[in-house]
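For reference, data_10.cif (mmCIF, C-alpha atoms and all ligand atoms):
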```cif
data_entry
#
loop_
_atom_site.label_atom_id
_atom_site.label_comp_id
_atom_site.auth_asym_id
_atom_site.auth_seq_id
_atom_site.Cartn_x
_atom_site.Cartn_y
_atom_site.Cartn_z
CA MET A 1 0.00 0.00 0.00
CA MET A 2 1.46 3.32 -1.06
CA ASN A 3 1.83 5.97 1.62
CA VAL A 4 -0.05 8.89 0.07
CA LYS A 5 -0.83 11.99 2.13
CA VAL A 6 -3.09 14.70 0.74
CA PHE A 7 -3.10 18.33 1.90
CA PRO A 8 -5.75 21.00 1.35
CA SER A 9 -3.23 23.61 0.26
CA THR A 10 0.38 24.05 -0.79
CA THR A 11 0.97 25.80 2.54
CA ALA A 12 -0.20 22.71 4.44
CA LEU A 13 1.92 20.56 2.13
CA ALA A 14 5.00 22.72 2.82
CA ASP A 15 4.31 22.64 6.59
CA PHE A 16 4.15 18.84 6.53
CA ALA A 17 7.34 18.58 4.50
CA ALA A 18 9.23 20.98 6.79
CA GLU A 19 8.00 19.13 9.88
CA SER A 20 9.02 15.80 8.31
CA PHE A 21 12.49 17.17 7.61
CA VAL A 22 12.90 18.35 11.21
CA GLN A 23 11.58 15.10 12.67
CA LEU A 24 13.74 12.89 10.45
CA ALA A 25 16.79 15.03 11.15
CA GLY A 26 16.27 14.88 14.93
CA GLU A 27 15.69 11.12 14.81
CA SER A 28 18.72 10.42 12.58
CA ILE A 29 21.01 12.55 14.75
CA ARG A 30 19.77 10.83 17.91
CA ARG A 31 20.34 7.38 16.39
CA ARG A 32 23.50 7.90 14.32
CA GLY A 33 24.80 11.33 15.20
CA LEU A 34 24.28 12.43 11.60
CA PHE A 35 21.55 13.40 9.12
CA THR A 36 22.12 13.37 5.37
CA ALA A 37 19.59 14.80 2.91
CA ALA A 38 19.59 15.10 -0.89
CA LEU A 39 17.71 18.26 -1.93
CA SER A 40 15.61 18.63 -5.05
CA GLY A 41 14.99 21.49 -7.43
CA GLY A 42 11.60 22.67 -8.58
CA SER A 43 8.89 24.99 -7.29
CA THR A 44 7.32 22.44 -4.92
CA PRO A 45 10.49 21.61 -2.96
CA LYS A 46 11.16 25.36 -2.93
CA LEU A 47 8.03 25.77 -0.77
CA LEU A 48 9.57 23.39 1.75
CA TYR A 49 12.86 25.31 1.88
CA LYS A 50 11.06 28.61 2.49
CA GLU A 51 8.94 27.05 5.25
CA LEU A 52 11.92 25.34 6.83
CA ALA A 53 13.91 28.57 6.85
CA VAL A 54 11.31 30.29 9.05
CA SER A 55 10.30 27.25 11.12
CA GLU A 56 11.02 27.71 14.81
CA ARG A 57 11.66 23.96 15.10
CA GLN A 58 14.62 24.03 12.68
CA ARG A 59 16.45 26.40 15.00
CA SER A 60 16.72 23.58 17.53
CA LEU A 61 18.39 21.25 15.01
CA ALA A 62 22.06 20.37 15.42
CA TRP A 63 22.99 21.69 11.97
CA GLU A 64 26.63 20.81 12.58
CA ASN A 65 25.51 17.16 12.28
CA ILE A 66 23.50 17.73 9.12
CA HIS A 67 24.95 17.32 5.62
CA LEU A 68 23.07 18.56 2.56
CA PHE A 69 23.58 17.22 -0.95
CA TRP A 70 21.65 17.56 -4.21
CA GLY A 71 19.63 14.82 -5.86
CA ASP A 72 20.06 16.60 -9.17
CA GLU A 73 21.38 19.79 -10.69
CA ARG A 74 21.23 21.72 -13.90
CA CYS A 75 24.44 22.13 -15.92
CA VAL A 76 24.93 25.76 -14.96
CA PRO A 77 27.19 27.76 -12.61
CA PRO A 78 26.03 28.17 -8.98
CA ASP A 79 24.93 31.77 -9.52
CA HIS A 80 22.78 30.95 -12.57
CA LEU A 81 19.02 31.53 -12.30
CA ASP A 82 18.39 27.84 -13.14
CA SER A 83 20.73 26.49 -10.47
CA ASN A 84 19.10 24.26 -7.85
CA TYR A 85 21.96 25.20 -5.54
CA ARG A 86 21.24 28.92 -6.03
CA MET A 87 17.55 28.35 -5.29
CA ALA A 88 18.34 26.46 -2.07
CA ARG A 89 21.01 29.02 -1.11
CA LYS A 90 18.55 31.92 -1.40
CA THR A 91 15.53 30.21 0.19
CA LEU A 92 17.19 28.12 2.90
CA LEU A 93 20.96 27.90 3.23
CA ASN A 94 21.46 31.58 4.06
CA GLU A 95 18.81 31.30 6.80
CA ILE A 96 20.15 28.32 8.76
CA SER A 97 23.28 27.83 10.86
CA ILE A 98 24.74 24.99 8.83
CA PRO A 99 28.55 24.94 8.47
CA GLU A 100 29.61 25.62 4.89
CA GLY A 101 31.60 22.37 4.88
CA ASN A 102 28.32 20.49 5.35
CA ILE A 103 26.91 21.82 2.09
CA HIS A 104 27.96 19.52 -0.74
CA ARG A 105 27.34 21.42 -3.95
CA VAL A 106 27.43 19.72 -7.35
CA PRO A 107 30.25 21.32 -9.42
CA ALA A 108 27.76 21.91 -12.24
CA GLU A 109 29.84 24.64 -13.81
CA LEU A 110 32.13 21.90 -15.14
CA ASP A 111 31.64 19.74 -18.22
CA ALA A 112 28.65 17.50 -17.38
CA ARG A 113 30.53 14.20 -17.38
CA LEU A 114 33.38 15.64 -15.30
CA ALA A 115 30.90 17.19 -12.84
CA ALA A 116 29.12 13.84 -12.44
CA PHE A 117 32.40 11.99 -11.98
CA GLN A 118 33.64 14.47 -9.37
CA TYR A 119 30.36 14.46 -7.45
CA GLU A 120 30.28 10.69 -7.42
CA GLU A 121 33.80 10.74 -6.01
CA ASP A 122 32.63 13.17 -3.32
CA LEU A 123 29.68 10.94 -2.47
CA ARG A 124 31.87 7.82 -2.33
CA GLY A 125 34.24 9.69 -0.05
CA PHE A 126 31.39 10.53 2.31
CA PHE A 127 29.22 7.39 2.29
CA GLU A 128 30.57 3.93 3.00
CA GLY A 129 29.18 0.82 1.35
CA GLU A 130 27.95 -0.17 -2.07
CA TRP A 131 25.33 2.59 -2.27
CA PRO A 132 24.87 5.99 -0.57
CA ARG A 133 22.28 5.60 2.17
CA PHE A 134 20.76 9.07 2.44
CA ASP A 135 18.55 9.57 5.48
CA LEU A 136 16.24 11.59 3.24
CA VAL A 137 15.94 12.10 -0.52
CA LEU A 138 13.55 14.90 -1.46
CA LEU A 139 11.93 14.55 -4.88
CA GLY A 140 9.50 16.43 -7.06
CA MET A 141 7.74 15.07 -10.14
CA GLY A 142 7.34 16.59 -13.57
CA ASP A 143 4.09 16.27 -15.53
CA ASP A 144 5.98 13.83 -17.78
CA GLY A 145 6.68 11.59 -14.80
CA HIS A 146 10.34 12.56 -14.44
CA THR A 147 11.90 12.86 -11.03
CA ALA A 148 15.27 14.27 -10.04
CA SER A 149 16.73 14.47 -13.54
CA LEU A 150 15.67 11.03 -14.63
CA PHE A 151 13.65 11.95 -17.71
CA PRO A 152 11.56 9.74 -20.02
CA ASP A 153 13.60 7.90 -22.69
CA SER A 154 16.90 9.01 -21.12
CA ALA A 155 19.84 6.62 -20.94
CA GLY A 156 20.17 7.33 -17.21
CA LEU A 157 17.08 5.22 -16.53
CA ASN A 158 19.15 2.13 -17.34
CA GLU A 159 22.15 3.02 -15.17
CA GLU A 160 22.76 0.17 -12.72
CA GLU A 161 26.26 0.84 -11.37
CA ARG A 162 26.88 4.55 -10.98
CA TRP A 163 25.63 6.70 -8.10
CA PHE A 164 25.59 10.05 -9.88
CA ILE A 165 25.45 10.64 -13.64
CA ALA A 166 25.25 13.11 -16.46
CA ASN A 167 21.95 12.38 -18.19
CA TYR A 168 20.71 13.66 -21.56
CA ALA A 169 16.94 14.25 -21.73
CA PRO A 170 16.11 13.63 -25.43
CA LYS A 171 12.67 15.27 -25.38
CA LYS A 172 13.97 18.32 -23.51
CA GLN A 173 17.25 18.36 -25.45
CA PHE A 174 19.39 19.21 -22.44
CA TRP A 175 21.94 17.58 -20.16
CA ARG A 176 21.33 17.34 -16.46
CA LEU A 177 23.13 15.86 -13.46
CA THR A 178 21.33 13.38 -11.24
CA LEU A 179 21.42 10.61 -8.69
CA SER A 180 20.76 7.30 -10.40
CA LYS A 181 17.60 5.38 -9.55
CA ASN A 182 19.59 2.92 -7.45
CA ALA A 183 21.28 5.67 -5.45
CA ILE A 184 17.82 7.09 -4.69
CA ASN A 185 16.30 3.70 -3.87
CA ALA A 186 19.06 3.02 -1.33
CA ALA A 187 17.69 5.86 0.85
CA ARG A 188 16.16 5.40 4.29
CA ASN A 189 13.40 7.90 3.48
CA ILE A 190 12.08 9.28 0.19
CA LEU A 191 9.63 12.21 0.29
CA VAL A 192 7.94 13.11 -3.01
CA LEU A 193 6.30 16.55 -3.12
CA VAL A 194 3.75 17.18 -5.88
CA GLN A 195 1.25 20.01 -6.27
CA GLY A 196 -1.17 21.36 -8.83
CA THR A 197 -3.80 20.20 -11.30
CA GLN A 198 -1.21 20.02 -14.07
CA LYS A 199 0.22 16.94 -12.31
CA ALA A 200 -3.14 15.23 -11.67
CA ASP A 201 -3.14 13.00 -14.77
CA MET A 202 0.40 11.80 -14.16
CA ILE A 203 -0.22 11.24 -10.44
CA ALA A 204 -3.28 9.12 -11.26
CA ASN A 205 -1.25 7.17 -13.82
CA VAL A 206 1.74 6.64 -11.55
CA LEU A 207 -0.11 5.82 -8.31
CA THR A 208 -2.54 3.44 -9.97
CA LYS A 209 0.26 2.01 -12.14
CA GLY A 210 -1.97 2.89 -15.06
CA GLU A 211 -1.34 1.41 -18.47
CA GLY A 212 0.96 3.64 -20.42
CA GLU A 213 3.29 3.38 -23.37
CA TYR A 214 6.19 2.98 -20.97
CA VAL A 215 7.08 2.97 -17.31
CA LYS A 216 7.34 6.55 -16.11
CA PRO A 217 10.71 7.36 -14.52
CA ILE A 218 9.26 8.02 -11.08
CA MET A 219 7.74 4.51 -11.12
CA LEU A 220 11.33 3.22 -10.88
CA ILE A 221 11.63 4.84 -7.46
CA THR A 222 10.81 2.33 -4.73
CA PRO A 223 13.14 2.24 -1.70
CA TRP A 224 14.89 -1.10 -1.20
CA ASP A 225 14.90 -0.84 2.58
CA GLY A 226 13.30 2.45 3.40
CA ARG A 227 10.09 4.45 3.54
CA MET A 228 8.50 6.43 0.71
CA VAL A 229 5.84 9.08 1.28
CA TRP A 230 3.92 10.94 -1.41
CA ALA A 231 2.86 14.37 -0.16
CA LEU A 232 0.34 15.85 -2.56
CA ASP A 233 -1.98 18.80 -2.56
CA VAL A 234 -5.66 18.15 -3.24
CA GLU A 235 -5.37 19.47 -6.81
CA ALA A 236 -2.73 16.93 -7.74
CA THR A 237 -5.02 14.11 -6.53
CA SER A 238 -8.13 15.28 -8.42
CA LYS A 239 -7.91 12.31 -10.81
CA LEU A 240 -7.11 9.66 -8.18
CA PRO A 241 -9.61 7.02 -6.99
CA PRO A 242 -10.61 7.98 -3.38
CA ASP A 243 -9.62 4.58 -1.94
CA LEU A 244 -5.98 5.23 -2.70
CA ILE A 245 -5.65 8.07 -0.24
CA THR A 246 -4.72 7.39 3.38
C1 LIG B 301 14.57 20.03 -11.01
C2 LIG B 301 13.95 18.97 -10.16
C3 LIG B 301 12.83 18.32 -10.90
C4 LIG B 301 11.57 18.86 -10.26
C5 LIG B 301 10.36 18.49 -11.07
C6 LIG B 301 9.10 19.08 -10.46
O1 LIG B 301 15.80 20.15 -11.03
O2 LIG B 301 13.77 20.78 -11.61
O3 LIG B 301 14.82 18.12 -9.64
O4 LIG B 301 12.83 16.91 -10.85
O5 LIG B 301 11.44 18.32 -8.94
O6 LIG B 301 10.56 19.02 -12.38
O7 LIG B 301 9.24 20.47 -10.44
P1 LIG B 301 8.01 21.40 -9.93
O8 LIG B 301 7.80 21.00 -8.50
O9 LIG B 301 8.52 22.79 -10.12
O10 LIG B 301 6.85 21.06 -10.82
#
```

Hey, can you dump this file as structure tokens for me?
Ligand code: 6PG
Amino acid sequence: MMNVKVFPSTTALADFAAESFVQLAGESIRRRGLFTAALSGGSTPKLLYKELAVSERQRSLAWENIHLFWGDERCVPPDHLDSNYRMARKTLLNEISIPEGNIHRVPAELDARLAAFQYEEDLRGFFEGEWPRFDLVLLGMGDDGHTASLFPDSAGLNEEERWFIANYAPKKQFWRLTLSKNAINAARNILVLVQGTQKADMIANVLTKGEGEYVKPIMLITPWDGRMVWALDVEATSKLPPDLIT
């Protein structure tokens, strides 16, 4: 049974996501002395960052034990308008007391393949084991069913070995940088944030595993040994059968 939570507004959705972040961080630090999160780009995760920045609860977090990474990044410098890092820097990172050394930016100003190689090296230097086990991977979903930067018909969907890759999106005709599906599925917690009527058809398709010409990229995301929560606003669920919603 999928864990689907529906919220009456984007504000309520952002509140839930911020509270989930704080709770998971506190729990991870209590258990392992550390909390690792892979941030997402997009307008929906941005709501979470803004909410988290002003949340009283985040001020009690031991930010020195928290490490932030990116689940994906655009192939642009960190000060570019399209940069996921820039978005997180402006909405969250400048508002919290996290040590700069705990912010693991993707070197997206480099050639895409070199950036992916370097970031994978960084991840392998930080995480032990066969796969990175993030405490939390934040994801959004595009209306084409992409997540992170795993786009339909992209070669990255078939990546089985690498943790972090340069991925060409043929329909969008751009390169992106992204965690592979396996690196995401190794996470302890995956939180997918989706809002708006423009996502309703895809949400209905994905959550009911509807028949489609191909498996949508986000359908490849199922944690191996972790928990996955879909946090949706009521508009995004307008095409879902009622029995699917917890
Ligand atoms: C990005 C994100 C991407 C995003 C979806 C949904 O870099 O843009 O990683 O996967 O989460 O496109 O974006 P919205 O929430 O803005 O619709």

Could the residues of chain A that have an atom at most 10 Å from ligand LIG 301 (chain B) be listed as a Markdown table, each with its closest atom pair and the distance in Å to one decimal, counting only C-alpha atoms and all ligand atoms and ordered by chain and ascending residue number?
```
| residue | atom | partner | partner_atom | distance |
| --- | --- | --- | --- | --- |
| A:Leu39 | CA | B:LIG301 | O3 | 8.2 |
| A:Ser40 | CA | B:LIG301 | O3 | 4.7 |
| A:Gly41 | CA | B:LIG301 | C2 | 3.9 |
| A:Gly42 | CA | B:LIG301 | O9 | 3.4 |
| A:Ser43 | CA | B:LIG301 | O9 | 3.6 |
| A:Thr44 | CA | B:LIG301 | O8 | 3.9 |
| A:Pro45 | CA | B:LIG301 | O8 | 6.2 |
| A:Lys46 | CA | B:LIG301 | O8 | 7.8 |
| A:Leu47 | CA | B:LIG301 | O8 | 9.1 |
| A:Trp70 | CA | B:LIG301 | O3 | 8.7 |
| A:Gly71 | CA | B:LIG301 | O3 | 7.0 |
| A:Asp72 | CA | B:LIG301 | O3 | 5.5 |
| A:Glu73 | CA | B:LIG301 | O1 | 5.6 |
| A:Arg74 | CA | B:LIG301 | O1 | 6.3 |
| A:Asp82 | CA | B:LIG301 | O1 | 8.4 |
| A:Ser83 | CA | B:LIG301 | O1 | 8.1 |
| A:Asn84 | CA | B:LIG301 | O1 | 6.2 |
| A:Tyr85 | CA | B:LIG301 | O1 | 9.7 |
| A:Leu138 | CA | B:LIG301 | O5 | 8.5 |
| A:Leu139 | CA | B:LIG301 | O5 | 5.6 |
| A:Gly140 | CA | B:LIG301 | O5 | 3.3 |
| A:Met141 | CA | B:LIG301 | C6 | 4.2 |
| A:Gly142 | CA | B:LIG301 | O6 | 4.2 |
| A:Asp143 | CA | B:LIG301 | O10 | 7.3 |
| A:Asp144 | CA | B:LIG301 | O6 | 8.8 |
| A:Gly145 | CA | B:LIG301 | C5 | 8.7 |
| A:His146 | CA | B:LIG301 | O4 | 6.2 |
| A:Thr147 | CA | B:LIG301 | O4 | 4.2 |
| A:Ala148 | CA | B:LIG301 | O4 | 3.7 |
| A:Ser149 | CA | B:LIG301 | O4 | 5.3 |
| A:Leu150 | CA | B:LIG301 | O4 | 7.5 |
| A:Phe151 | CA | B:LIG301 | O4 | 8.5 |
| A:Arg176 | CA | B:LIG301 | O1 | 8.2 |
| A:Leu177 | CA | B:LIG301 | O1 | 8.8 |
| A:Thr178 | CA | B:LIG301 | O3 | 8.2 |
| A:Val192 | CA | B:LIG301 | O5 | 8.6 |
| A:Leu193 | CA | B:LIG301 | O8 | 7.1 |
| A:Val194 | CA | B:LIG301 | O8 | 6.2 |
| A:Gln195 | CA | B:LIG301 | O8 | 7.0 |
| A:Gly196 | CA | B:LIG301 | O10 | 8.3 |
| A:Gln198 | CA | B:LIG301 | O10 | 8.8 |
| A:Lys199 | CA | B:LIG301 | O10 | 7.9 |
| A:Ile218 | CA | B:LIG301 | O4 | 9.6 |
```

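Residue nearest Asp153 in chain A within the list A:Phe174, A:Lys216, A:Ile66, A:Ala116: A:Lys216 [criterion: smallest interatomic distance, all atoms listed in the file].
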
Checklist entry - Which residues, written as a list of chain:residue names, have at least one atom at most 7 Å from range 11-14 of chain A, with only C-alpha atoms counted and residues fewer than 6 positions away on the same chain left out? => result A:Leu47, A:Leu48, A:Glu51, A:Ala231, A:Leu232, A:Asp233

Checklist entry - CA of Gln23 in chain A and CA of Leu136 in chain A are how many Å apart? => result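 These atoms are spaced 11.1 Å apart.
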
Checklist entry - So how many Å separate CA of His104 in chain A and CA of Phe126 in chain A, to one decimal? => result 10.1 Å

Next on the checklist: For a quick check of understanding, using all atoms listed in the file, which of A:Met202, A:Leu68, A:Ile184, A:Ile165 has the smallest distance to Trp131 in chain A?
Outcome noted: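 Selected residue with least distance to Trp131 in chain A: A:Ile184.
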
Next on the checklist: To one decimal place in Å, what is the distance between CA of Ile29 in chain A and CA of Arg57 in chain A?
Outcome noted: 14.8 Å

Item to check | Residue with smallest distance to Lys239 in chain A - pool A:Ser180, A:Thr197, A:Thr222, A:Asn3, counting all atoms listed in the file | outcome: A:Thr197

Checklist entry - Got a sec to check which residues sit within 10 Å of (12.4, 1.0, 0.1), counting all atoms listed in the file, and write them as a ChimeraX atom specification? => result /A:184-190,221-228

Hey, can you spit out that residue selection with C-alpha atoms as a PDB file, in the frame of the given file?
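Writing the result to out_34.pdb gives the following:
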```
ATOM      1  CA  ILE A 184      17.820   7.090  -4.690  1.00  0.00           C
ATOM      2  CA  ASN A 185      16.300   3.700  -3.870  1.00  0.00           C
ATOM      3  CA  ALA A 186      19.060   3.020  -1.330  1.00  0.00           C
ATOM      4  CA  ALA A 187      17.690   5.860   0.850  1.00  0.00           C
ATOM      5  CA  ARG A 188      16.160   5.400   4.290  1.00  0.00           C
ATOM      6  CA  ASN A 189      13.400   7.900   3.480  1.00  0.00           C
ATOM      7  CA  ILE A 190      12.080   9.280   0.190  1.00  0.00           C
ATOM      8  CA  ILE A 221      11.630   4.840  -7.460  1.00  0.00           C
ATOM      9  CA  THR A 222      10.810   2.330  -4.730  1.00  0.00           C
ATOM     10  CA  PRO A 223      13.140   2.240  -1.700  1.00  0.00           C
ATOM     11  CA  TRP A 224      14.890  -1.100  -1.200  1.00  0.00           C
ATOM     12  CA  ASP A 225      14.900  -0.840   2.580  1.00  0.00           C
ATOM     13  CA  GLY A 226      13.300   2.450   3.400  1.00  0.00           C
ATOM     14  CA  ARG A 227      10.090   4.450   3.540  1.00  0.00           C
ATOM     15  CA  MET A 228       8.500   6.430   0.710  1.00  0.00           C
TER      16      MET A 228
END
```

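Shortest atom-to-atom contact with Ile98 in chain A among A:Thr10, A:Asn65, A:Thr237, A:Ser154: A:Asn65, counting only C-alpha atoms.
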
Next on the checklist: Nearest residue to Tyr49 in chain A out of A:Thr91, A:Ser238, A:Asn167, A:Ser97, using only C-alpha atoms?
Outcome noted: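 So, comparing all the options, the nearest one is A:Thr91.
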